[in-house]
Structure formats: structure tokens, C-alpha cells
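Structure first, commentary second.
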Amino acid sequence: MPTRIFLTSGDLMADRRYDFARDLQMKGDLPGAADLLLQATDLAPNFVTAWFTLGDIRETLGERDAAITAFRKAWAGDPDDRHGARLRLMRLGAEPLAAMPQGYVQVLFDQYARRFNAALVDDLGYRGPDLLFGAVLSVRAAARKPAFFKRAIDLGCGTGLVATAFAKEVDHLIGIDLSPRMIEQARATGCYAELEVGDIVQGLRARPDSSADLILAADVMIYVADLAPVLAESSRVLAAGGLFAFTTETHAGEGVILGAGLRYAHAAAHVREAVEAAGLNLSLLEDRSARTEENIPVPGLVAVAAKG
Ligand SMILES: C[S@@+](CC[C@H](N)C(=O)[O-])C[C@H]1O[C@@H](n2cnc3c(N)ncnc32)[C@H](O)[C@@H]1O
């Protein structure tokens, strides 16, 4: 699901060159499109969308150095990095792994909000909320405790699929998400007592100690490079005996990587270490795929961490 946003250059001629370039790009004439984009950036040197598109085309053409130059211009021209140029630089190995630009995540999901459920559930067989539900039930059953939670927080709640899955098990549910359009969809479910637009770590920081019994994050850690701040804040916000359940994509190597789909993948050992470092006990860690791409289940994990 690529973002496709247009930030005008403010120069009519440059914008028109960009439109022609996109026409050529769609028709498969990538060198011709690149020429027109260079003309557009000559006319408007800070034309972020043209630089980003040029980087994309250069990368497709295998022109790595030229792609890097173009992506750097796109990033420099838009501090919020709504196109995600820095991510592209990370994927090309030209920038160290870092947090996902929040402006990019917000634009991505604002664009995606209306068709999210159909695209993810119907097209990719998305099953993140069901995986969390099954995992939480199994941990509670093993502990011989009821699977009912008074106060829960749904991190990166999106359109509210997790709320629908947990509706009967949770009394008071709070949803937090960066994307206002996703929050609108979540509100329409009627399942949330509170909803807030914002970053998950900031949202958790605003919550008192020991104020939640359950924290859920389905398909969200794939947008989080460093698990430590989320785990540390979750540990603080959870009451004794509370659970933090999350899914993530994974890989056979070590640590965290940015995958081809521009989502982070966390190795199982890395998840285990991060959970322990946050002072939580790992109750469950299983290989489970949350989505299927091109008929292949994307390798994933479901984890449940408990506060002692
Ligand atoms: C793939 S969707 C999953 C939505 C929902 N959890 C579900 O299972 O259907 C990922 C969501 O996480 C949100 N998100 C990603 N990074 C975030 C962050 N740092 N803070 C808040 N929300 C974030 C996105 O805006 C998006 O709505």
C-alpha cells in the first residue's frame, strides 16, 4: 500500500511537468519520466514530490546513487517526511535504521482508512485481532483467571478491528492512533470509551501508573523500530497481573530490520530480550502470521507479556 501524495511546488509549470512525468511513468517510460522530473526540479528546486518520484524511478531503474540523491532532496525539503523518503534511504542502506517518520504513517493511514478493512481483511486475510484474542484467552486459561478486563488500551487502534474482537471481554476501552481518519472509523464502531489521535508512546506517557489491565497492539509494532519505549511505558501503565499482547512481523536473523514492504520485522530473540528488559514476563511467544501476501503468509509473531 504505497503512499501517493502530491505536495505542490507552487510553480504551475513545474507542477505540469510533474503531471506529464507521472503519465509517462504510468505508461512505463521511466527514463522519459525521469527527464521531465529533472526539468520540474530545475524549475522548482524544493519540489519534494518530484524528488521523491524521481528517487522511486531511479531505484526501479537500478540507479542506486541517483535514487539516494533524489530521496535525500525529498527528505530535506519536507521535515515531516510525508512521502517516507528516509524509509527508502534506510531500505537502500544509505541511512541507519531509525523510527518511522510520523508524518508518513499519518498520511499513509489517512489515505487508507476508508478501504482499510476491505483491503486488509479481504485481500490479505488479515487476522491480527484474532491472533491477539486467541493468545490472551490461552494465557488467561493457563493462569486459571477469567479473560475479562476492566480497563484496556488499544495501541494503533486503526479502524477498530481489535475492539470488535475484544468487545465482550473489555469494560472500558481506550484507542490511540496517529491517523485522524482511522480514528474516525474507530469511533463509528461505538466500541471505544475514549479515542485519541497521537503517538502510542506519548499516549501511554499521559496515563497514570497501574491504570490498565490489558494493552493490545495488533499490527502496530511493524511500524515501531525500537520496542523499548513502548514496552517500558506499557509496563508502567499496566496494573499487577496485567497483560500486553502484540503481534509483529519477524525474520530469521537478529535484531530488527526494515523489510521490503517498508515494515519492521523483529527477530524472536530480540522480542524476548526487549520484553525482559522492560521488566515484563513473557507468557507466550508463538510463530503466527497476521497477513498473507501473494499467497505466502508473512512470517510473524504473537506475544503476550505479563506484569508480575
Ligand atoms: C496496520 S494498522 C492496524 C490497525 C489495528 N490495530 C488493526 O489491527 O486493525 C496500523 C495502525 O497503527 C497506527 N500507528 C502506527 N504507528 C503508530 C504510532 N507510533 N502511534 C500511533 N499509531 C500508530 C497506524 O496509524 C495504523 O492505524
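Identifiers for the C-alpha cells are assigned positionally: chains receive A, B, ... in sequence, residues are indexed from 1 per chain, and ligands are indexed from 1 in the order shown.
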
* What do you get as number ranges by chain if you pick all residues at most 7 Å from ligand 1, counting only C-alpha atoms and all ligand atoms? -> A: 102, 105-106, 109, 128-129, 155-162, 176-179, 182, 198-201, 217-220, 223-224

* Excluding Phe133 of chain A and any residue of its chain fewer than 2 positions from it, enumerate the residues within 10 Å of it, using only C-alpha atoms, and give them as a PyMOL selection string. => chain A and resi 128-131+135-138+147+162+165-166+169+216+245

Dump of N, CA and C atoms for the selected residues, as a short mmCIF file (atom, residue, chain, number, x, y, z; two decimals), in the first residue's frame:
data_model
loop_
_atom_site.label_atom_id
_atom_site.label_comp_id
_atom_site.auth_asym_id
_atom_site.auth_seq_id
_atom_site.Cartn_x
_atom_site.Cartn_y
_atom_site.Cartn_z
N GLY A 128 -4.76 -10.25 12.61
CA GLY A 128 -4.07 -9.76 13.82
C GLY A 128 -4.96 -9.77 15.06
N PRO A 129 -6.16 -9.16 15.00
CA PRO A 129 -7.01 -9.13 16.21
C PRO A 129 -7.37 -10.53 16.70
N ASP A 130 -7.66 -11.45 15.79
CA ASP A 130 -8.00 -12.83 16.20
C ASP A 130 -6.80 -13.50 16.87
N LEU A 131 -5.60 -13.24 16.34
CA LEU A 131 -4.40 -13.82 16.96
C LEU A 131 -4.24 -13.31 18.39
N ALA A 135 -4.49 -15.57 21.80
CA ALA A 135 -3.31 -15.59 22.67
C ALA A 135 -3.67 -15.15 24.09
N VAL A 136 -4.47 -14.10 24.20
CA VAL A 136 -4.86 -13.60 25.53
C VAL A 136 -5.72 -14.64 26.24
N LEU A 137 -6.65 -15.24 25.52
CA LEU A 137 -7.50 -16.27 26.12
C LEU A 137 -6.67 -17.44 26.61
N SER A 138 -5.69 -17.84 25.80
CA SER A 138 -4.90 -19.01 26.19
C SER A 138 -4.03 -18.71 27.42
N ALA A 147 -10.95 -14.22 31.51
CA ALA A 147 -10.47 -13.30 30.46
C ALA A 147 -11.40 -12.10 30.38
N VAL A 162 -9.68 -4.52 16.51
CA VAL A 162 -9.34 -5.15 17.80
C VAL A 162 -10.49 -4.96 18.78
N ALA A 165 -13.12 -7.46 18.17
CA ALA A 165 -12.75 -8.80 18.64
C ALA A 165 -12.86 -8.92 20.16
N PHE A 166 -12.51 -7.85 20.89
CA PHE A 166 -12.46 -7.93 22.36
C PHE A 166 -13.69 -7.32 23.04
N GLU A 169 -15.03 -8.79 26.19
CA GLU A 169 -14.07 -9.09 27.26
C GLU A 169 -13.58 -7.83 27.97
N LEU A 216 -3.16 -3.74 24.10
CA LEU A 216 -3.18 -4.53 22.86
C LEU A 216 -2.53 -3.73 21.74
N ALA A 245 -0.39 -7.60 24.95
CA ALA A 245 -0.40 -8.57 23.85
C ALA A 245 -0.16 -7.83 22.53
#

* Can you check which residues of segment 107-263 of chain A DSSP gives as helix (DSSP H, G or I) on the backbone and send them as a VMD selection string? => chain A and resid 107 to 124 128 to 142 161 to 166 180 to 189 200 to 205 221 to 223 228 to 237

* Using DSSP on the backbone coordinates, identify all residues within segment 130-299 of chain A classified as strand (DSSP E or B); present the result as a ChimeraX atom specification. => /A:149-155,170-177,194-197,212-217,238-249,256-258,264-266,281-287,292-293,296-297

* Asked: So which residues touch Ile257 of chain A within 12 Å, counting only C-alpha atoms, skipping near sequence neighbours fewer than 2 positions away, as a PyMOL selection string?
  -> chain A and resi 87+90-91+93+96-99+222-226+248-255+259-267+270

* Exercise: Val107 of chain A partners within 10 Å, only C-alpha atoms, chain neighbours under 2 positions left out, as a VMD selection string -> chain A and resid 3 to 5 81 to 84 102 to 105 109 to 113 178 to 181

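Residue nearest Ala74 of chain A, chosen from A:Gly55, A:Gly28, A:Gly134, A:Gly62 and counting only C-alpha atoms: A:Gly55.
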
* Might you pull out every residue within 12 Å of Ala66 of chain A, with only C-alpha atoms counted and same-chain residues fewer than 3 positions away left off, and present them as an MDAnalysis selection string? => chainID A and resid 34 38 51:63 69:73 89 92 94

* Choose the residue, out of A:Val256, A:Ala186, A:Ala85, A:Ala40, that has the smallest atom-to-atom separation from Ala274 of chain A; count only C-alpha atoms. =>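 Of A:Val256, A:Ala186, A:Ala85, A:Ala40, the one nearest Ala274 of chain A is A:Val256, counting only C-alpha atoms.
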
* To do: Find the distance between atom CA of Ala142 of chain A and atom CA of Glu233 of chain A and write it in Å to one decimal.
  => 25.6 Å

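One distance worth recording is that between atom CA of Thr8 of chain A and atom CA of Pro79 of chain A, which is 15.5 Å.
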